[in-house]
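Have a look at protein-v7.csv below; it lists CSV, C-alpha atoms.
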```
chain,number,residue,atom,x,y,z
A,1,MET,CA,23.4,-30.0,31.4
A,2,ARG,CA,23.2,-26.4,30.2
A,3,ARG,CA,20.0,-25.6,28.4
A,4,LYS,CA,20.3,-24.0,24.9
A,5,LYS,CA,18.6,-20.7,24.4
A,6,PRO,CA,15.8,-20.8,21.9
A,7,LYS,CA,16.7,-19.6,18.5
A,8,THR,CA,15.4,-16.1,17.8
A,9,SER,CA,12.9,-16.1,14.9
A,10,PHE,CA,13.4,-13.2,12.5
A,11,PRO,CA,11.1,-12.3,9.6
A,12,GLU,CA,12.0,-12.8,6.0
A,13,LEU,CA,14.1,-9.9,4.8
A,14,SER,CA,11.7,-8.6,2.2
A,15,TYR,CA,9.7,-5.3,1.8
A,16,PHE,CA,6.3,-6.6,2.7
A,17,GLU,CA,7.3,-9.3,5.2
A,18,LEU,CA,9.2,-6.7,7.2
A,19,GLN,CA,6.2,-4.3,7.1
A,20,ALA,CA,4.0,-7.1,8.5
A,21,TYR,CA,6.5,-7.9,11.3
A,22,ILE,CA,7.1,-4.3,12.3
A,23,GLY,CA,3.4,-3.4,12.0
A,24,THR,CA,3.5,-0.6,9.5
A,25,THR,CA,2.0,0.3,6.1
A,26,LYS,CA,3.9,2.7,3.8
A,27,HIS,CA,1.9,4.7,1.2
A,28,MET,CA,3.7,7.3,-0.9
A,29,GLY,CA,2.6,10.8,-0.1
A,30,GLY,CA,1.4,10.0,3.4
A,31,LEU,CA,-2.1,10.5,4.8
A,32,GLU,CA,-2.5,13.7,2.9
A,33,THR,CA,-2.3,11.8,-0.4
A,34,THR,CA,-4.6,9.1,0.8
A,35,LYS,CA,-7.2,11.8,1.6
A,36,GLU,CA,-6.9,13.2,-1.9
A,37,LEU,CA,-7.4,9.8,-3.4
A,38,ILE,CA,-10.5,9.3,-1.4
A,39,GLU,CA,-11.9,12.6,-2.5
A,40,LEU,CA,-11.2,11.9,-6.2
A,41,CYS,CA,-13.1,8.6,-5.8
A,42,ARG,CA,-16.1,10.6,-4.3
A,43,VAL,CA,-16.5,8.4,-1.2
A,44,SER,CA,-19.5,9.2,1.0
A,45,ARG,CA,-21.3,7.6,3.9
A,46,ASP,CA,-23.3,5.3,1.4
A,47,THR,CA,-20.2,4.2,-0.4
A,48,ARG,CA,-19.1,0.5,-0.1
A,49,VAL,CA,-15.3,0.5,-0.4
A,50,LEU,CA,-12.7,-2.2,-1.1
A,51,ASP,CA,-9.2,-1.5,0.2
A,52,VAL,CA,-6.8,-3.9,-1.6
A,53,GLY,CA,-3.5,-4.4,0.1
A,54,CYS,CA,-4.9,-3.0,3.3
A,55,GLY,CA,-1.8,-3.6,5.4
A,56,VAL,CA,-2.4,-2.7,9.0
A,57,GLY,CA,-5.8,-1.3,8.2
A,58,ALA,CA,-5.0,2.4,8.6
A,59,THR,CA,-6.9,3.6,5.4
A,60,ALA,CA,-9.9,1.3,6.0
A,61,CYS,CA,-10.3,2.5,9.6
A,62,TYR,CA,-9.8,6.1,8.6
A,63,LEU,CA,-12.6,5.7,6.0
A,64,ALA,CA,-14.9,4.2,8.6
A,65,LYS,CA,-14.2,6.8,11.2
A,66,GLU,CA,-14.3,9.9,8.9
A,67,TYR,CA,-17.1,8.9,6.5
A,68,GLY,CA,-19.0,6.2,8.3
A,69,CYS,CA,-19.0,4.0,5.3
A,70,ASN,CA,-18.6,0.2,5.1
A,71,VAL,CA,-15.1,-1.0,4.1
A,72,VAL,CA,-13.7,-4.4,3.2
A,73,GLY,CA,-9.9,-4.7,3.4
A,74,VAL,CA,-7.9,-7.5,1.9
A,75,ASP,CA,-4.2,-8.4,2.3
A,76,LEU,CA,-2.1,-11.3,1.2
A,77,ARG,CA,-0.6,-11.8,4.7
A,78,LYS,CA,-2.6,-13.1,7.6
A,79,SER,CA,-0.5,-11.1,10.0
A,80,MET,CA,-1.6,-7.9,8.4
A,81,VAL,CA,-5.3,-9.0,8.6
A,82,THR,CA,-4.8,-9.7,12.3
A,83,LEU,CA,-3.3,-6.3,12.9
A,84,SER,CA,-6.1,-4.7,10.9
A,85,ASP,CA,-8.8,-6.4,13.1
A,86,GLU,CA,-7.0,-5.3,16.2
A,87,ARG,CA,-6.9,-1.7,14.9
A,88,ALA,CA,-10.6,-1.7,14.0
A,89,ARG,CA,-11.6,-2.9,17.5
A,90,LYS,CA,-9.4,-0.3,19.2
A,91,GLU,CA,-10.7,2.5,17.0
A,92,GLY,CA,-14.3,1.5,17.6
A,93,VAL,CA,-15.1,0.8,13.9
A,94,ALA,CA,-15.3,-3.0,13.9
A,95,SER,CA,-19.0,-2.9,12.9
A,96,LEU,CA,-18.1,-1.0,9.7
A,97,VAL,CA,-15.0,-2.8,8.5
A,98,GLU,CA,-14.1,-6.4,7.6
A,99,PHE,CA,-10.7,-7.8,6.8
A,100,ARG,CA,-9.8,-11.0,5.0
A,101,VAL,CA,-6.8,-12.7,3.4
A,102,ALA,CA,-7.0,-12.4,-0.4
A,103,ASP,CA,-4.7,-12.0,-3.5
A,104,ALA,CA,-5.0,-8.7,-5.4
A,105,GLN,CA,-4.7,-10.7,-8.6
A,106,ASP,CA,-7.7,-12.9,-7.8
A,107,LEU,CA,-10.2,-11.1,-5.6
A,108,PRO,CA,-12.8,-13.3,-4.0
A,109,PHE,CA,-15.8,-11.1,-4.9
A,110,ASP,CA,-18.6,-11.1,-7.4
A,111,ASP,CA,-18.5,-8.6,-10.3
A,112,ALA,CA,-19.9,-5.1,-9.6
A,113,HIS,CA,-19.8,-5.7,-5.8
A,114,PHE,CA,-18.3,-2.4,-4.6
A,115,ASP,CA,-18.8,1.3,-5.3
A,116,VAL,CA,-15.1,2.1,-5.0
A,117,ALA,CA,-11.9,0.0,-5.0
A,118,LEU,CA,-8.6,1.5,-3.7
A,119,CYS,CA,-5.1,0.2,-4.0
A,120,GLU,CA,-2.1,2.1,-2.5
A,121,SER,CA,1.5,1.1,-3.1
A,122,VAL,CA,0.6,-2.5,-3.9
A,123,ALA,CA,0.2,-2.9,-7.6
A,124,THR,CA,3.7,-1.5,-8.1
A,125,PHE,CA,5.2,-4.6,-6.5
A,126,VAL,CA,3.1,-7.2,-8.4
A,127,GLU,CA,4.5,-8.6,-11.6
A,128,ASP,CA,1.2,-8.7,-13.4
A,129,LYS,CA,0.0,-5.1,-12.7
A,130,GLN,CA,-2.6,-5.2,-15.4
A,131,ARG,CA,-4.3,-8.2,-13.8
A,132,VAL,CA,-4.5,-6.2,-10.5
A,133,VAL,CA,-6.0,-3.2,-12.2
A,134,SER,CA,-8.5,-5.4,-14.1
A,135,GLU,CA,-9.6,-7.2,-11.0
A,136,LEU,CA,-10.2,-3.8,-9.3
A,137,ALA,CA,-12.3,-2.7,-12.2
A,138,ARG,CA,-14.2,-6.0,-12.3
A,139,VAL,CA,-15.5,-5.8,-8.7
A,140,VAL,CA,-16.6,-2.1,-9.0
A,141,LYS,CA,-20.2,-1.3,-10.0
A,142,PRO,CA,-20.9,0.7,-13.2
A,143,GLY,CA,-20.4,4.3,-12.4
A,144,GLY,CA,-18.1,3.5,-9.5
A,145,CYS,CA,-14.4,4.4,-9.2
A,146,VAL,CA,-11.0,2.6,-9.1
A,147,GLY,CA,-8.3,4.6,-7.4
A,148,LEU,CA,-4.6,3.9,-7.3
A,149,ASN,CA,-1.7,5.5,-5.4
A,150,GLU,CA,1.4,4.0,-6.9
A,151,GLU,CA,5.1,4.6,-7.6
A,152,VAL,CA,6.0,6.1,-11.0
A,153,TRP,CA,8.9,7.2,-13.1
A,154,LEU,CA,8.5,10.9,-13.6
A,155,GLU,CA,11.3,10.9,-16.2
A,156,THR,CA,13.1,7.9,-17.8
A,157,PRO,CA,15.9,7.1,-15.4
A,158,PRO,CA,19.4,6.0,-16.3
A,159,ALA,CA,19.6,2.2,-16.4
A,160,GLU,CA,21.7,1.9,-13.2
A,161,ILE,CA,19.1,3.8,-11.2
A,162,ALA,CA,16.2,1.8,-12.5
A,163,ALA,CA,18.1,-1.5,-11.8
A,164,HIS,CA,19.0,-0.4,-8.2
A,165,VAL,CA,15.5,0.7,-7.3
A,166,LYS,CA,14.0,-2.5,-8.8
A,167,ARG,CA,16.4,-4.6,-6.7
A,168,ALA,CA,16.2,-2.7,-3.5
A,169,TRP,CA,12.5,-2.3,-3.4
A,170,GLU,CA,11.7,-5.7,-5.0
A,171,VAL,CA,9.6,-4.2,-7.8
A,172,LYS,CA,8.4,-6.7,-10.4
A,173,PRO,CA,9.1,-6.3,-13.3
A,174,GLY,CA,9.7,-2.6,-13.0
A,175,ILE,CA,8.0,0.8,-12.2
A,176,PRO,CA,5.7,2.1,-14.9
A,177,THR,CA,5.5,5.7,-16.1
A,178,ALA,CA,2.3,7.7,-15.7
A,179,ASP,CA,1.3,6.8,-19.2
A,180,GLY,CA,1.9,3.2,-18.4
A,181,TRP,CA,-0.5,3.3,-15.5
A,182,ARG,CA,-3.1,5.2,-17.5
A,183,GLU,CA,-3.0,2.6,-20.3
A,184,MET,CA,-3.6,-0.1,-17.7
A,185,LEU,CA,-6.8,1.7,-16.5
A,186,GLU,CA,-7.9,2.1,-20.1
A,187,GLU,CA,-7.2,-1.6,-20.8
A,188,ALA,CA,-9.4,-2.5,-17.8
A,189,GLY,CA,-12.3,-0.6,-19.4
A,190,LEU,CA,-12.2,2.5,-17.2
A,191,CYS,CA,-13.0,6.0,-18.4
A,192,ASP,CA,-12.9,9.6,-17.3
A,193,ILE,CA,-9.4,8.9,-16.1
A,194,VAL,CA,-7.6,11.4,-13.8
A,195,VAL,CA,-3.8,11.3,-13.5
A,196,LYS,CA,-1.9,13.4,-10.9
A,197,THR,CA,1.8,12.9,-10.4
A,198,TYR,CA,4.1,14.2,-7.6
A,199,LYS,CA,7.7,14.4,-6.6
A,200,LEU,CA,8.6,13.2,-3.2
A,201,ASP,CA,8.1,15.9,-0.6
A,202,ALA,CA,9.3,15.7,3.0
A,203,ARG,CA,6.3,17.7,4.4
A,204,ARG,CA,3.8,15.5,2.6
A,205,GLU,CA,5.6,12.3,3.5
A,206,SER,CA,5.6,13.3,7.2
A,207,THR,CA,1.8,13.0,7.3
A,208,GLN,CA,2.4,9.3,7.3
A,209,ILE,CA,2.7,9.3,11.1
A,210,LYS,CA,-0.9,10.6,11.4
A,211,ARG,CA,-2.1,7.1,10.5
A,212,TYR,CA,-0.9,5.7,13.8
A,213,ARG,CA,-1.5,5.9,17.5
A,214,PHE,CA,1.3,6.2,20.1
A,215,ARG,CA,1.1,2.4,20.8
A,216,ASP,CA,1.5,1.7,17.0
A,217,MET,CA,4.6,3.9,16.9
A,218,TRP,CA,6.1,2.3,20.0
A,219,ARG,CA,5.6,-1.2,18.5
A,220,MET,CA,7.2,-0.2,15.2
A,221,PHE,CA,10.2,1.5,17.0
A,222,SER,CA,10.8,-1.4,19.4
A,223,ARG,CA,10.5,-4.1,16.8
A,224,THR,CA,12.8,-2.3,14.4
A,225,LEU,CA,15.3,-1.6,17.1
A,226,SER,CA,15.3,-5.2,18.3
A,227,LEU,CA,15.9,-6.4,14.7
A,228,TYR,CA,18.7,-3.9,14.2
A,229,VAL,CA,20.5,-5.0,17.4
A,230,LYS,CA,20.0,-8.8,17.0
A,231,SER,CA,20.3,-9.3,13.2
A,232,SER,CA,23.3,-8.5,11.2
A,233,GLU,CA,21.4,-9.5,8.1
A,234,PHE,CA,18.8,-6.9,8.9
A,235,ARG,CA,21.4,-4.2,9.4
A,236,ALA,CA,22.9,-5.1,6.0
A,237,TYR,CA,19.5,-5.0,4.4
A,238,MET,CA,18.7,-1.6,5.8
A,239,GLN,CA,22.0,-0.2,4.7
A,240,GLU,CA,21.2,-1.4,1.2
A,241,GLN,CA,17.8,0.3,1.4
A,242,ARG,CA,19.3,3.6,2.3
A,243,ARG,CA,22.1,3.4,-0.3
A,244,LEU,CA,19.9,4.8,-3.1
A,245,PRO,CA,21.8,6.3,-6.1
A,246,LYS,CA,22.4,10.0,-6.2
A,247,GLY,CA,19.7,11.9,-7.9
A,248,VAL,CA,17.1,9.1,-7.8
A,249,PHE,CA,14.3,11.3,-6.7
A,250,LYS,CA,14.7,13.5,-9.8
A,251,TYR,CA,13.2,10.5,-11.6
A,252,LEU,CA,11.2,8.7,-9.1
A,253,GLY,CA,7.8,9.9,-7.7
A,254,TYR,CA,4.3,8.7,-7.3
A,255,GLY,CA,0.9,9.2,-8.8
A,256,LEU,CA,-2.8,9.1,-8.2
A,257,PHE,CA,-4.7,7.3,-11.0
A,258,VAL,CA,-8.5,7.3,-10.8
A,259,GLY,CA,-10.9,5.9,-13.4
A,260,ARG,CA,-14.7,5.4,-13.6
A,261,ARG,CA,-16.3,2.0,-14.4
```
Can you dump the structure from the file as structure tokens?
Amino acid sequence: MRRKKPKTSFPELSYFELQAYIGTTKHMGGLETTKELIELCRVSRDTRVLDVGCGVGATACYLAKEYGCNVVGVDLRKSMVTLSDERARKEGVASLVEFRVADAQDLPFDDAHFDVALCESVATFVEDKQRVVSELARVVKPGGCVGLNEEVWLETPPAEIAAHVKRAWEVKPGIPTADGWREMLEEAGLCDIVVKTYKLDARRESTQIKRYRFRDMWRMFSRTLSLYVKSSEFRAYMQEQRRLPKGVFKYLGYGLFVGRR
């Protein structure tokens, strides 16, 4: 009797599930913007940092290597936490970083537990963005900083562009303006708020690859290629992702939002 081949297991076709499967973390503005956010939050060797939505642990491990500070990274997906632990071991910073599964809307930490809380391209995709920002503020000590790097509408877009981006990128319920993000920080009780907005820039985005080692890049490439070859659903999904409306980046950018507790 002919044996059946085992059915290939594909990840759910969603923004974060695919990132977890491929082993990547996408932050607007690349590593250059992450560095700027860290500087705005005044991170030093003595700073205890929380990285919310840590993904594959790139920012947390960068902080530990470059600043020698202690970092806790949390992510909603166990697969991301596993990849983060693996990265920390390989980069020799396992003694400085800790990763655990947790929800950005319900952080498992006491009030005033960290000096700095960071969140990059995560709150944008959560329906209750205010709750995320308020949780970040809650776990930061008085005088500490909350820092966000999130998508933003630079100008009010036509309705069809807003609807397409919301659907393609699975944004709930929509992307705020810079004033919208500022108001959330104020509502969370933060002060001395800094807002810096940017248009998408190819040079700045290209610094994304500096987060990864060659082995990381090979895993991303091979897993993406395998999905593309084997899954017609994935091919259709990627075509939809690339089919952004003309002129979308006239309206869509990202911003750094930093407030002091």
*Between A:Met238, A:Cys119, A:Leu40, A:Val81, which has the minimum distance to A:Val52 (counting all atoms listed in the file)?*
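Between A:Met238, A:Cys119, A:Leu40, A:Val81, the residue approaching A:Val52 most closely is A:Cys119.
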*Can you work out the spacing between atom CA of A:Ser95 and atom CA of A:Ala60 in Å, to one decimal?*
12.2 Å
*Within 10 Å of stretch 195-204 of chain A, counting only C-alpha atoms, which residues show up once you throw out same-chain ones fewer than 5 positions away? Write them as a ChimeraX atom specification, please.*
/A:28-33,37,148-154,177-179,181-182,249-259
*What is the distance between atom CA of A:Arg261 and atom CA of A:Pro142, in Å to one decimal?*
4.9 Å
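Between atom CA of A:Ser79 and atom CA of A:Ala94 the separation is 17.3 Å.
Using all atoms listed in the file, the shortest contact distance between A:Gly147 and any of A:Glu170, A:Gly247, A:Ser121, A:Met80 is found at A:Ser121.
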*Residue neighbourhood A:Ala188, 10 Å, only C-alpha atoms, exclusion window fewer than 5 positions, as a ChimeraX atom specification*: /A:130-138,182-183,259,261
*Would you mind telling me which residue in A:Val72, A:Val126, A:Ala104, A:Leu96 lies nearest to A:Lys172 when using all atoms listed in the file?*
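Using all atoms listed in the file, A:Lys172 sits closest to A:Val126.
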_Nearest to A:Thr25 by atom-to-atom distance, counting all atoms listed in the file, from A:Glu186, A:Glu91, A:Asp85, A:Asp75_ =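 Looking only at the distances to A:Thr25, the closest residue turns out to be A:Asp75.
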*Please determine the residues with any atom at most 8 Å from (-6.7, -6.9, 3.6) (coordinates as given in the file, with all atoms listed in the file counting) and report them as number ranges by chain.*
A: 51-55, 57, 72-77, 80-81, 84, 99-102
Excluding A:Val71 and any residue of its chain fewer than 6 positions from it, enumerate the residues within 7 Å of it, using all atoms listed in the file, and give them as a PDB file with C-alpha atoms, keeping the file's coordinate frame.
```
ATOM      1  CA  ARG A  48     -19.100   0.500  -0.100  1.00  0.00           C
ATOM      2  CA  VAL A  49     -15.300   0.500  -0.400  1.00  0.00           C
ATOM      3  CA  LEU A  50     -12.700  -2.200  -1.100  1.00  0.00           C
ATOM      4  CA  ALA A  60      -9.900   1.300   6.000  1.00  0.00           C
ATOM      5  CA  ALA A  64     -14.900   4.200   8.600  1.00  0.00           C
ATOM      6  CA  LEU A  96     -18.100  -1.000   9.700  1.00  0.00           C
ATOM      7  CA  VAL A  97     -15.000  -2.800   8.500  1.00  0.00           C
ATOM      8  CA  GLU A  98     -14.100  -6.400   7.600  1.00  0.00           C
TER       9      GLU A  98
END
```
*asked:* Using only C-alpha atoms for the distances, tell me which of A:Gln208, A:Asp192, A:Val56, A:His113 is nearest to A:Thr82.
replied: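 Distance minimum relative to A:Thr82 lands on A:Val56.
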Generate the missing atoms of stretch 116-148 of chain A up to N, CA and C atoms and report them as a PDB file, in the frame of the given file.
```
ATOM      1  N   VAL A 116     -16.413   1.609  -4.773  1.00  0.00           N
ATOM      2  CA  VAL A 116     -15.100   2.100  -5.000  1.00  0.00           C
ATOM      3  C   VAL A 116     -14.056   1.033  -4.584  1.00  0.00           C
ATOM      4  N   ALA A 117     -12.976   0.924  -5.362  1.00  0.00           N
ATOM      5  CA  ALA A 117     -11.900   0.000  -5.000  1.00  0.00           C
ATOM      6  C   ALA A 117     -10.584   0.829  -5.005  1.00  0.00           C
ATOM      7  N   LEU A 118      -9.863   0.762  -3.879  1.00  0.00           N
ATOM      8  CA  LEU A 118      -8.600   1.500  -3.700  1.00  0.00           C
ATOM      9  C   LEU A 118      -7.435   0.550  -3.624  1.00  0.00           C
ATOM     10  N   CYS A 119      -6.283   1.022  -4.076  1.00  0.00           N
ATOM     11  CA  CYS A 119      -5.100   0.200  -4.000  1.00  0.00           C
ATOM     12  C   CYS A 119      -3.888   1.195  -3.873  1.00  0.00           C
ATOM     13  N   GLU A 120      -3.157   1.118  -2.746  1.00  0.00           N
ATOM     14  CA  GLU A 120      -2.100   2.100  -2.500  1.00  0.00           C
ATOM     15  C   GLU A 120      -0.741   1.345  -2.297  1.00  0.00           C
ATOM     16  N   SER A 121       0.189   1.653  -3.190  1.00  0.00           N
ATOM     17  CA  SER A 121       1.500   1.100  -3.100  1.00  0.00           C
ATOM     18  C   SER A 121       1.536  -0.417  -2.996  1.00  0.00           C
ATOM     19  N   VAL A 122       0.732  -1.046  -3.815  1.00  0.00           N
ATOM     20  CA  VAL A 122       0.600  -2.500  -3.900  1.00  0.00           C
ATOM     21  C   VAL A 122       0.877  -3.014  -5.282  1.00  0.00           C
ATOM     22  N   ALA A 123       0.128  -2.472  -6.227  1.00  0.00           N
ATOM     23  CA  ALA A 123       0.200  -2.900  -7.600  1.00  0.00           C
ATOM     24  C   ALA A 123       1.660  -2.751  -8.158  1.00  0.00           C
ATOM     25  N   THR A 124       2.356  -1.729  -7.681  1.00  0.00           N
ATOM     26  CA  THR A 124       3.700  -1.500  -8.100  1.00  0.00           C
ATOM     27  C   THR A 124       4.602  -2.737  -7.926  1.00  0.00           C
ATOM     28  N   PHE A 125       4.344  -3.496  -6.863  1.00  0.00           N
ATOM     29  CA  PHE A 125       5.200  -4.600  -6.500  1.00  0.00           C
ATOM     30  C   PHE A 125       4.763  -5.948  -7.036  1.00  0.00           C
ATOM     31  N   VAL A 126       3.681  -5.942  -7.814  1.00  0.00           N
ATOM     32  CA  VAL A 126       3.100  -7.200  -8.400  1.00  0.00           C
ATOM     33  C   VAL A 126       3.624  -7.282  -9.841  1.00  0.00           C
ATOM     34  N   GLU A 127       4.020  -8.473 -10.232  1.00  0.00           N
ATOM     35  CA  GLU A 127       4.500  -8.600 -11.600  1.00  0.00           C
ATOM     36  C   GLU A 127       3.462  -8.355 -12.641  1.00  0.00           C
ATOM     37  N   ASP A 128       2.252  -8.907 -12.455  1.00  0.00           N
ATOM     38  CA  ASP A 128       1.200  -8.700 -13.400  1.00  0.00           C
ATOM     39  C   ASP A 128       0.299  -7.531 -12.952  1.00  0.00           C
ATOM     40  N   LYS A 129       0.774  -6.328 -13.168  1.00  0.00           N
ATOM     41  CA  LYS A 129       0.000  -5.100 -12.700  1.00  0.00           C
ATOM     42  C   LYS A 129      -1.293  -4.990 -13.414  1.00  0.00           C
ATOM     43  N   GLN A 130      -1.321  -5.340 -14.697  1.00  0.00           N
ATOM     44  CA  GLN A 130      -2.600  -5.200 -15.400  1.00  0.00           C
ATOM     45  C   GLN A 130      -3.660  -6.107 -14.832  1.00  0.00           C
ATOM     46  N   ARG A 131      -3.276  -7.277 -14.383  1.00  0.00           N
ATOM     47  CA  ARG A 131      -4.300  -8.200 -13.800  1.00  0.00           C
ATOM     48  C   ARG A 131      -4.846  -7.570 -12.504  1.00  0.00           C
ATOM     49  N   VAL A 132      -4.004  -6.908 -11.707  1.00  0.00           N
ATOM     50  CA  VAL A 132      -4.500  -6.200 -10.500  1.00  0.00           C
ATOM     51  C   VAL A 132      -5.502  -5.160 -10.860  1.00  0.00           C
ATOM     52  N   VAL A 133      -5.134  -4.301 -11.799  1.00  0.00           N
ATOM     53  CA  VAL A 133      -6.000  -3.200 -12.200  1.00  0.00           C
ATOM     54  C   VAL A 133      -7.335  -3.746 -12.761  1.00  0.00           C
ATOM     55  N   SER A 134      -7.254  -4.792 -13.559  1.00  0.00           N
ATOM     56  CA  SER A 134      -8.500  -5.400 -14.100  1.00  0.00           C
ATOM     57  C   SER A 134      -9.357  -6.008 -13.081  1.00  0.00           C
ATOM     58  N   GLU A 135      -8.764  -6.609 -12.051  1.00  0.00           N
ATOM     59  CA  GLU A 135      -9.600  -7.200 -11.000  1.00  0.00           C
ATOM     60  C   GLU A 135     -10.258  -6.055 -10.170  1.00  0.00           C
ATOM     61  N   LEU A 136      -9.559  -4.949  -9.938  1.00  0.00           N
ATOM     62  CA  LEU A 136     -10.200  -3.800  -9.300  1.00  0.00           C
ATOM     63  C   LEU A 136     -11.396  -3.323 -10.061  1.00  0.00           C
ATOM     64  N   ALA A 137     -11.210  -3.203 -11.360  1.00  0.00           N
ATOM     65  CA  ALA A 137     -12.300  -2.700 -12.200  1.00  0.00           C
ATOM     66  C   ALA A 137     -13.466  -3.723 -12.236  1.00  0.00           C
ATOM     67  N   ARG A 138     -13.149  -4.998 -12.224  1.00  0.00           N
ATOM     68  CA  ARG A 138     -14.200  -6.000 -12.300  1.00  0.00           C
ATOM     69  C   ARG A 138     -15.140  -5.963 -11.103  1.00  0.00           C
ATOM     70  N   VAL A 139     -14.616  -5.717  -9.912  1.00  0.00           N
ATOM     71  CA  VAL A 139     -15.500  -5.800  -8.700  1.00  0.00           C
ATOM     72  C   VAL A 139     -16.168  -4.464  -8.407  1.00  0.00           C
ATOM     73  N   VAL A 140     -15.973  -3.452  -9.249  1.00  0.00           N
ATOM     74  CA  VAL A 140     -16.600  -2.100  -9.000  1.00  0.00           C
ATOM     75  C   VAL A 140     -17.881  -2.039  -9.895  1.00  0.00           C
ATOM     76  N   LYS A 141     -18.909  -1.453  -9.322  1.00  0.00           N
ATOM     77  CA  LYS A 141     -20.200  -1.300 -10.000  1.00  0.00           C
ATOM     78  C   LYS A 141     -20.053  -0.262 -11.154  1.00  0.00           C
ATOM     79  N   PRO A 142     -20.911  -0.363 -12.166  1.00  0.00           N
ATOM     80  CA  PRO A 142     -20.900   0.700 -13.200  1.00  0.00           C
ATOM     81  C   PRO A 142     -21.147   2.054 -12.566  1.00  0.00           C
ATOM     82  N   GLY A 143     -20.326   3.002 -12.962  1.00  0.00           N
ATOM     83  CA  GLY A 143     -20.400   4.300 -12.400  1.00  0.00           C
ATOM     84  C   GLY A 143     -19.485   4.505 -11.173  1.00  0.00           C
ATOM     85  N   GLY A 144     -18.966   3.389 -10.632  1.00  0.00           N
ATOM     86  CA  GLY A 144     -18.100   3.500  -9.500  1.00  0.00           C
ATOM     87  C   GLY A 144     -16.642   3.771  -9.908  1.00  0.00           C
ATOM     88  N   CYS A 145     -15.748   3.923  -8.929  1.00  0.00           N
ATOM     89  CA  CYS A 145     -14.400   4.400  -9.200  1.00  0.00           C
ATOM     90  C   CYS A 145     -13.331   3.360  -8.730  1.00  0.00           C
ATOM     91  N   VAL A 146     -12.255   3.290  -9.487  1.00  0.00           N
ATOM     92  CA  VAL A 146     -11.000   2.600  -9.100  1.00  0.00           C
ATOM     93  C   VAL A 146      -9.984   3.678  -8.842  1.00  0.00           C
ATOM     94  N   GLY A 147      -9.307   3.611  -7.691  1.00  0.00           N
ATOM     95  CA  GLY A 147      -8.300   4.600  -7.400  1.00  0.00           C
ATOM     96  C   GLY A 147      -6.981   3.983  -6.953  1.00  0.00           C
ATOM     97  N   LEU A 148      -5.901   4.395  -7.598  1.00  0.00           N
ATOM     98  CA  LEU A 148      -4.600   3.900  -7.300  1.00  0.00           C
ATOM     99  C   LEU A 148      -3.666   5.014  -6.794  1.00  0.00           C
TER     100      LEU A 148
END
```
